[in-house]
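S.K.: So that we are looking at the same thing, I have put the structure below in structure tokens.
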Amino acid sequence: MIEVKHLTRSYGSVSPLTVLHNVSLKVEAGEFVAITGPSGSGKSTLMGLMAGLDRPTSGQVFIQNEDITQASENELSRLRGEKVGFVFQNFLLMQTLTALENTMLPAEILGRELAEKRARELLARVGLGERVDHYPSQLSGGEMQRVAIARAFINTPPVLFADEPTGNLDSKNGQKIVELLLELNRTYESTLILITHNPELARLSNREIRLKDGRIVEILAHRGGSHKKTAAASKGAALGATRRAPAKSKGTKRK
Ligand SMILES: Nc1ncnc2c1ncn2[C@@H]1O[C@H](COP(=O)(O)OP(=O)(O)O)[C@@H](O)[C@H]1O
Ligand SMILES: [Mg+2]
């Protein structure tokens, strides 16, 4: 589904600062991968490169066998529209648009009528059926993030990228948001790549990739935890066959 080969990203030309060093990684279709690591370890940089929002200094990123690092700006914007959805920590909703209009925004390609129909379905699905005409200022943080999730799924992208989507929410709303992501992920059989600081959320993933100083320092195979209850247990089991890294001791992990 996604293959990252020897990815390096440096900033500056005089004395370049390398924030991602030779990272290689494969993500299978349908997999839920968590990316963790301290602040500044390169998580957002890696995700931006995988999603075609940024270009690497060297290395390649393949999405469904297409090398996105070779793509022109036009090809990249088509690719982002067709293949990837995004959810960010700060929701990034348009303040002057309603929940419905925000959700429809990336769906021009579907045509107005179909876009509206799908947007209403998705908003109902995330529990906001009664709030379609509300503006972001009339919604709580958790509700705004649910709008952002509906918007991210409107074009049924094969891959969803979420950069600390629960970072601005309390733990109860954060848990709900992750459960929702998992549920939609299962429904649309998409691949989920999630950056999180929360060890409990990371444990819901199939694999946790830990970064430090721009390098992968550990890959943990998780059993999916409560993910099994809320999402596809069978998918978790099937993915077991593709796991390469053994689960490591959790002795050093924060409880
Ligand atoms: N545009 C930029 N110019 C220079 N340095 C940057 C830029 N963007 C990010 N960095 C640096 O890259 C490093 C990794 O950042 P980031 O990927 O955002 O980390 P994380 O998401 O893990 O907190 C940080 O040291 C950050 O300061
Ligand atoms: Mg970040």
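We name chains A, B, ... following the order of the structure tokens; residues begin at 1 in each chain, and ligands are numbered from 1 as shown.
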Using only C-alpha atoms and all ligand atoms, which residues have at least one atom no more than 6 Å from ligand 1? Output them as a list of chain:residue names.

M.R.: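 So the residues close to ligand 1 are A:Tyr11, A:Val19, A:Ser39, A:Gly40, A:Ser41, A:Gly42, A:Lys43, A:Ser44, A:Thr45.
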
S.K.: Identify, on the basis of only C-alpha atoms, every residue whose closest approach to Ala150 (chain A) does not exceed 7 Å; exclude the query and any residue fewer than 6 positions from it along the same chain; express the result as JSON, numbers by chain.

M.R.: {"A": [103, 122, 123, 126]}

S.K.: Would you list the contacts of Asn173 (chain A) as an mmCIF file with N, CA, C and O atoms, in the first residue's frame, taking every protein, DNA or RNA residue within 7 Å and counting only C-alpha atoms, but skipping same-chain residues closer than 4 positions in sequence?

M.R.:
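Here's the written file around-v6.cif:
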```cif
data_model
loop_
_atom_site.group_PDB
_atom_site.id
_atom_site.type_symbol
_atom_site.label_atom_id
_atom_site.label_comp_id
_atom_site.auth_asym_id
_atom_site.auth_seq_id
_atom_site.Cartn_x
_atom_site.Cartn_y
_atom_site.Cartn_z
ATOM 1 N N GLY A 142 -14.547 18.235 20.374
ATOM 2 C CA GLY A 142 -14.782 16.858 19.903
ATOM 3 C C GLY A 142 -15.683 16.840 18.674
ATOM 4 O O GLY A 142 -15.462 16.057 17.748
ATOM 5 N N LEU A 169 -8.006 17.337 22.680
ATOM 6 C CA LEU A 169 -9.248 16.850 23.292
ATOM 7 C C LEU A 169 -8.953 16.196 24.634
ATOM 8 O O LEU A 169 -7.847 15.700 24.869
ATOM 9 N N ILE A 177 -12.886 9.693 19.455
ATOM 10 C CA ILE A 177 -12.395 10.042 18.113
ATOM 11 C C ILE A 177 -11.615 8.874 17.516
ATOM 12 O O ILE A 177 -11.793 8.519 16.350
#
```

S.K.: Check the smallest atom-to-atom distance from each of A:Ile195, A:Gln138, A:Leu100, A:Leu25 to ligand 2 using only C-alpha atoms and all ligand atoms, then report the winner.

M.R.: A:Ile195

S.K.: List every residue of region 115-195 of chain A that DSSP, applied to the backbone of this structure, assigns to helix (DSSP H, G or I), and report them as a ChimeraX atom specification.

M.R.: /A:115-125,136-138,141-153,171-187

S.K.: Would you mind listing what lies within 6 Å of Gly30 (chain A) as a tab-separated table (two decimals) with C-alpha atoms, in the first residue's frame, with only C-alpha atoms counted and same-chain residues fewer than 4 positions away left out?

M.R.:
```tsv
chain	number	residue	atom	x	y	z
A	189	GLU	CA	-11.30	-0.74	4.32
A	190	SER	CA	-8.83	2.11	4.39
A	191	THR	CA	-5.36	2.21	5.85
```

S.K.: Using the chain letters and numbers from this document, which residues of region 113-211 of chain A does DSSP assign to strand (DSSP E), as a list in words?

M.R.: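 Secondary structure check on region 113-211 of chain A, strand (DSSP E): Val159, Leu160, Phe161, Ala162, Asp163, Thr191, Leu192, Ile193, Leu194, Ile195, Arg207, Glu208, Ile209, Arg210 and Leu211 of chain A.
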
S.K.: Restricting it to C-alpha atoms, dump the selection as a PDB file, in the first residue's frame.

M.R.:
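Produced file selection-v3.pdb, reproduced below:
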```pdb
ATOM      1  CA  VAL A 159      -5.262   6.026   3.212  1.00  0.00           C
ATOM      2  CA  LEU A 160      -6.107   8.254   6.120  1.00  0.00           C
ATOM      3  CA  PHE A 161      -3.369  10.259   7.857  1.00  0.00           C
ATOM      4  CA  ALA A 162      -4.091  11.668  11.301  1.00  0.00           C
ATOM      5  CA  ASP A 163      -1.529  13.912  13.042  1.00  0.00           C
ATOM      6  CA  THR A 191      -5.356   2.209   5.855  1.00  0.00           C
ATOM      7  CA  LEU A 192      -4.866   4.354   8.949  1.00  0.00           C
ATOM      8  CA  ILE A 193      -1.633   6.097   9.912  1.00  0.00           C
ATOM      9  CA  LEU A 194      -1.937   7.921  13.208  1.00  0.00           C
ATOM     10  CA  ILE A 195       0.520  10.071  15.138  1.00  0.00           C
ATOM     11  CA  ARG A 207       2.022  -1.762  14.729  1.00  0.00           C
ATOM     12  CA  GLU A 208       3.631   1.101  16.579  1.00  0.00           C
ATOM     13  CA  ILE A 209       6.601   2.798  14.952  1.00  0.00           C
ATOM     14  CA  ARG A 210       8.724   4.741  17.397  1.00  0.00           C
ATOM     15  CA  LEU A 211      10.859   7.589  16.182  1.00  0.00           C
TER      16      LEU A 211
END
```

S.K.: Do you know which residues are at most 8 Å from Ala202 (chain A) counting only C-alpha atoms, after dropping those on the same chain fewer than 5 positions away, and could you put them as JSON, numbers by chain?

M.R.: {"A": [34, 35, 36, 196, 197, 208]}

S.K.: Once you have the residues from the selection above, write them out as a tab-separated table (two decimals), in the first residue's frame, restricted to all heavy atoms.

M.R.:
```
chain	number	residue	atom	x	y	z
A	34	ALA	N	0.53	3.18	14.20
A	34	ALA	CA	0.70	4.36	15.05
A	34	ALA	C	2.15	4.82	14.96
A	34	ALA	O	3.06	3.99	14.98
A	34	ALA	CB	0.35	4.03	16.49
A	35	ILE	N	2.35	6.11	14.85
A	35	ILE	CA	3.70	6.68	14.89
A	35	ILE	C	3.83	7.45	16.20
A	35	ILE	O	3.03	8.34	16.48
A	35	ILE	CB	3.97	7.60	13.69
A	35	ILE	CG1	3.82	6.81	12.38
A	35	ILE	CG2	5.36	8.22	13.78
A	35	ILE	CD1	3.97	7.67	11.12
A	36	THR	N	4.83	7.07	17.00
A	36	THR	CA	5.01	7.71	18.29
A	36	THR	C	6.47	8.20	18.41
A	36	THR	O	7.29	7.89	17.55
A	36	THR	CB	4.71	6.74	19.46
A	36	THR	OG1	5.60	5.63	19.37
A	36	THR	CG2	3.28	6.23	19.40
A	196	THR	N	0.42	9.79	17.53
A	196	THR	CA	-0.17	10.05	18.84
A	196	THR	C	0.90	10.07	19.93
A	196	THR	O	1.93	9.41	19.83
A	196	THR	CB	-1.26	9.02	19.20
A	196	THR	OG1	-1.80	9.36	20.48
A	196	THR	CG2	-0.73	7.60	19.25
A	197	HIS	N	0.62	10.84	20.97
A	197	HIS	CA	1.47	10.85	22.16
A	197	HIS	C	0.92	9.90	23.21
A	197	HIS	O	1.55	9.66	24.23
A	197	HIS	CB	1.47	12.27	22.78
A	197	HIS	CG	2.55	13.12	22.24
A	197	HIS	ND1	2.30	14.30	21.58
A	197	HIS	CD2	3.89	12.96	22.23
A	197	HIS	CE1	3.45	14.82	21.20
A	197	HIS	NE2	4.42	14.03	21.58
A	208	GLU	N	3.23	-0.23	16.10
A	208	GLU	CA	3.63	1.10	16.58
A	208	GLU	C	5.08	1.34	16.15
A	208	GLU	O	5.96	0.55	16.45
A	208	GLU	CB	3.52	1.15	18.11
A	208	GLU	CG	4.02	2.47	18.69
A	208	GLU	CD	3.92	2.50	20.22
A	208	GLU	OE1	3.28	1.60	20.82
A	208	GLU	OE2	4.50	3.43	20.82
```

S.K.: Which residues come within 8 Å of Thr69 (chain A), counting only C-alpha atoms, excluding same-chain residues fewer than 6 positions away, as a PyMOL selection string?

M.R.: chain A and resi 52+55-56+60-62

S.K.: Keeping all heavy atoms for every residue in the selection just given, could you write it to a file as an mmCIF file, in the first residue's frame?

M.R.:
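Dumped everything to out26.cif:
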```
data_model
loop_
_atom_site.group_PDB
_atom_site.id
_atom_site.type_symbol
_atom_site.label_atom_id
_atom_site.label_comp_id
_atom_site.auth_asym_id
_atom_site.auth_seq_id
_atom_site.Cartn_x
_atom_site.Cartn_y
_atom_site.Cartn_z
ATOM 1 N N GLY A 52 2.557 13.261 0.641
ATOM 2 C CA GLY A 52 2.794 14.129 -0.513
ATOM 3 C C GLY A 52 2.560 15.600 -0.230
ATOM 4 O O GLY A 52 2.326 16.393 -1.138
ATOM 5 N N ARG A 55 8.298 17.428 0.107
ATOM 6 C CA ARG A 55 9.193 16.617 -0.721
ATOM 7 C C ARG A 55 10.467 16.261 0.046
ATOM 8 O O ARG A 55 11.005 17.103 0.770
ATOM 9 C CB ARG A 55 9.553 17.379 -1.991
ATOM 10 C CG ARG A 55 8.326 17.615 -2.869
ATOM 11 C CD ARG A 55 8.751 17.769 -4.300
ATOM 12 N NE ARG A 55 7.643 18.160 -5.138
ATOM 13 C CZ ARG A 55 7.090 17.334 -6.038
ATOM 14 N NH1 ARG A 55 7.533 16.100 -6.185
ATOM 15 N NH2 ARG A 55 6.107 17.775 -6.800
ATOM 16 N N PRO A 56 10.950 15.033 -0.125
ATOM 17 C CA PRO A 56 12.142 14.613 0.623
ATOM 18 C C PRO A 56 13.422 15.197 0.030
ATOM 19 O O PRO A 56 13.440 15.615 -1.135
ATOM 20 C CB PRO A 56 12.139 13.091 0.459
ATOM 21 C CG PRO A 56 11.456 12.846 -0.839
ATOM 22 C CD PRO A 56 10.436 13.961 -0.986
ATOM 23 N N GLN A 60 12.414 7.758 -1.510
ATOM 24 C CA GLN A 60 11.173 7.654 -2.277
ATOM 25 C C GLN A 60 9.988 7.243 -1.405
ATOM 26 O O GLN A 60 10.157 6.576 -0.384
ATOM 27 C CB GLN A 60 11.325 6.575 -3.360
ATOM 28 C CG GLN A 60 12.293 6.957 -4.462
ATOM 29 C CD GLN A 60 12.667 5.745 -5.284
ATOM 30 O OE1 GLN A 60 13.226 4.779 -4.765
ATOM 31 N NE2 GLN A 60 12.318 5.777 -6.564
ATOM 32 N N VAL A 61 8.810 7.642 -1.853
ATOM 33 C CA VAL A 61 7.561 7.207 -1.219
ATOM 34 C C VAL A 61 6.641 6.670 -2.311
ATOM 35 O O VAL A 61 6.375 7.373 -3.296
ATOM 36 C CB VAL A 61 6.839 8.380 -0.512
ATOM 37 C CG1 VAL A 61 5.499 7.912 0.063
ATOM 38 C CG2 VAL A 61 7.704 8.976 0.587
ATOM 39 N N PHE A 62 6.194 5.441 -2.155
ATOM 40 C CA PHE A 62 5.249 4.856 -3.094
ATOM 41 C C PHE A 62 3.892 4.725 -2.416
ATOM 42 O O PHE A 62 3.792 4.180 -1.322
ATOM 43 C CB PHE A 62 5.700 3.453 -3.534
ATOM 44 C CG PHE A 62 6.992 3.449 -4.295
ATOM 45 C CD1 PHE A 62 8.212 3.436 -3.628
ATOM 46 C CD2 PHE A 62 6.987 3.472 -5.685
ATOM 47 C CE1 PHE A 62 9.416 3.447 -4.331
ATOM 48 C CE2 PHE A 62 8.187 3.472 -6.396
ATOM 49 C CZ PHE A 62 9.402 3.458 -5.721
#
```

S.K.: Given only C-alpha atoms as the basis, pick out the residue of A:Glu143, A:Glu183, A:Glu121, A:Glu108 nearest to Asn168 (chain A).

M.R.: A:Glu143

S.K.: So that I can check the surroundings of Ser171 (chain A), please list as a list in words every protein, DNA and RNA residue that reaches within 12 Å of it, counting only C-alpha atoms and ignoring chain neighbours fewer than 5 positions away.

M.R.: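 Everything that qualifies: Gly142, Pro165, Thr166, Lys176, Ile177, Val178, His197, Asn198, Pro199, Glu200 and Leu201 of chain A.
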
S.K.: Using only C-alpha atoms, which residue out of A:Glu179, A:Glu3, A:Glu113, A:Asp133 lies closest to Gln64 (chain A)?

M.R.: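 Nearest to Gln64 (chain A): A:Glu3.
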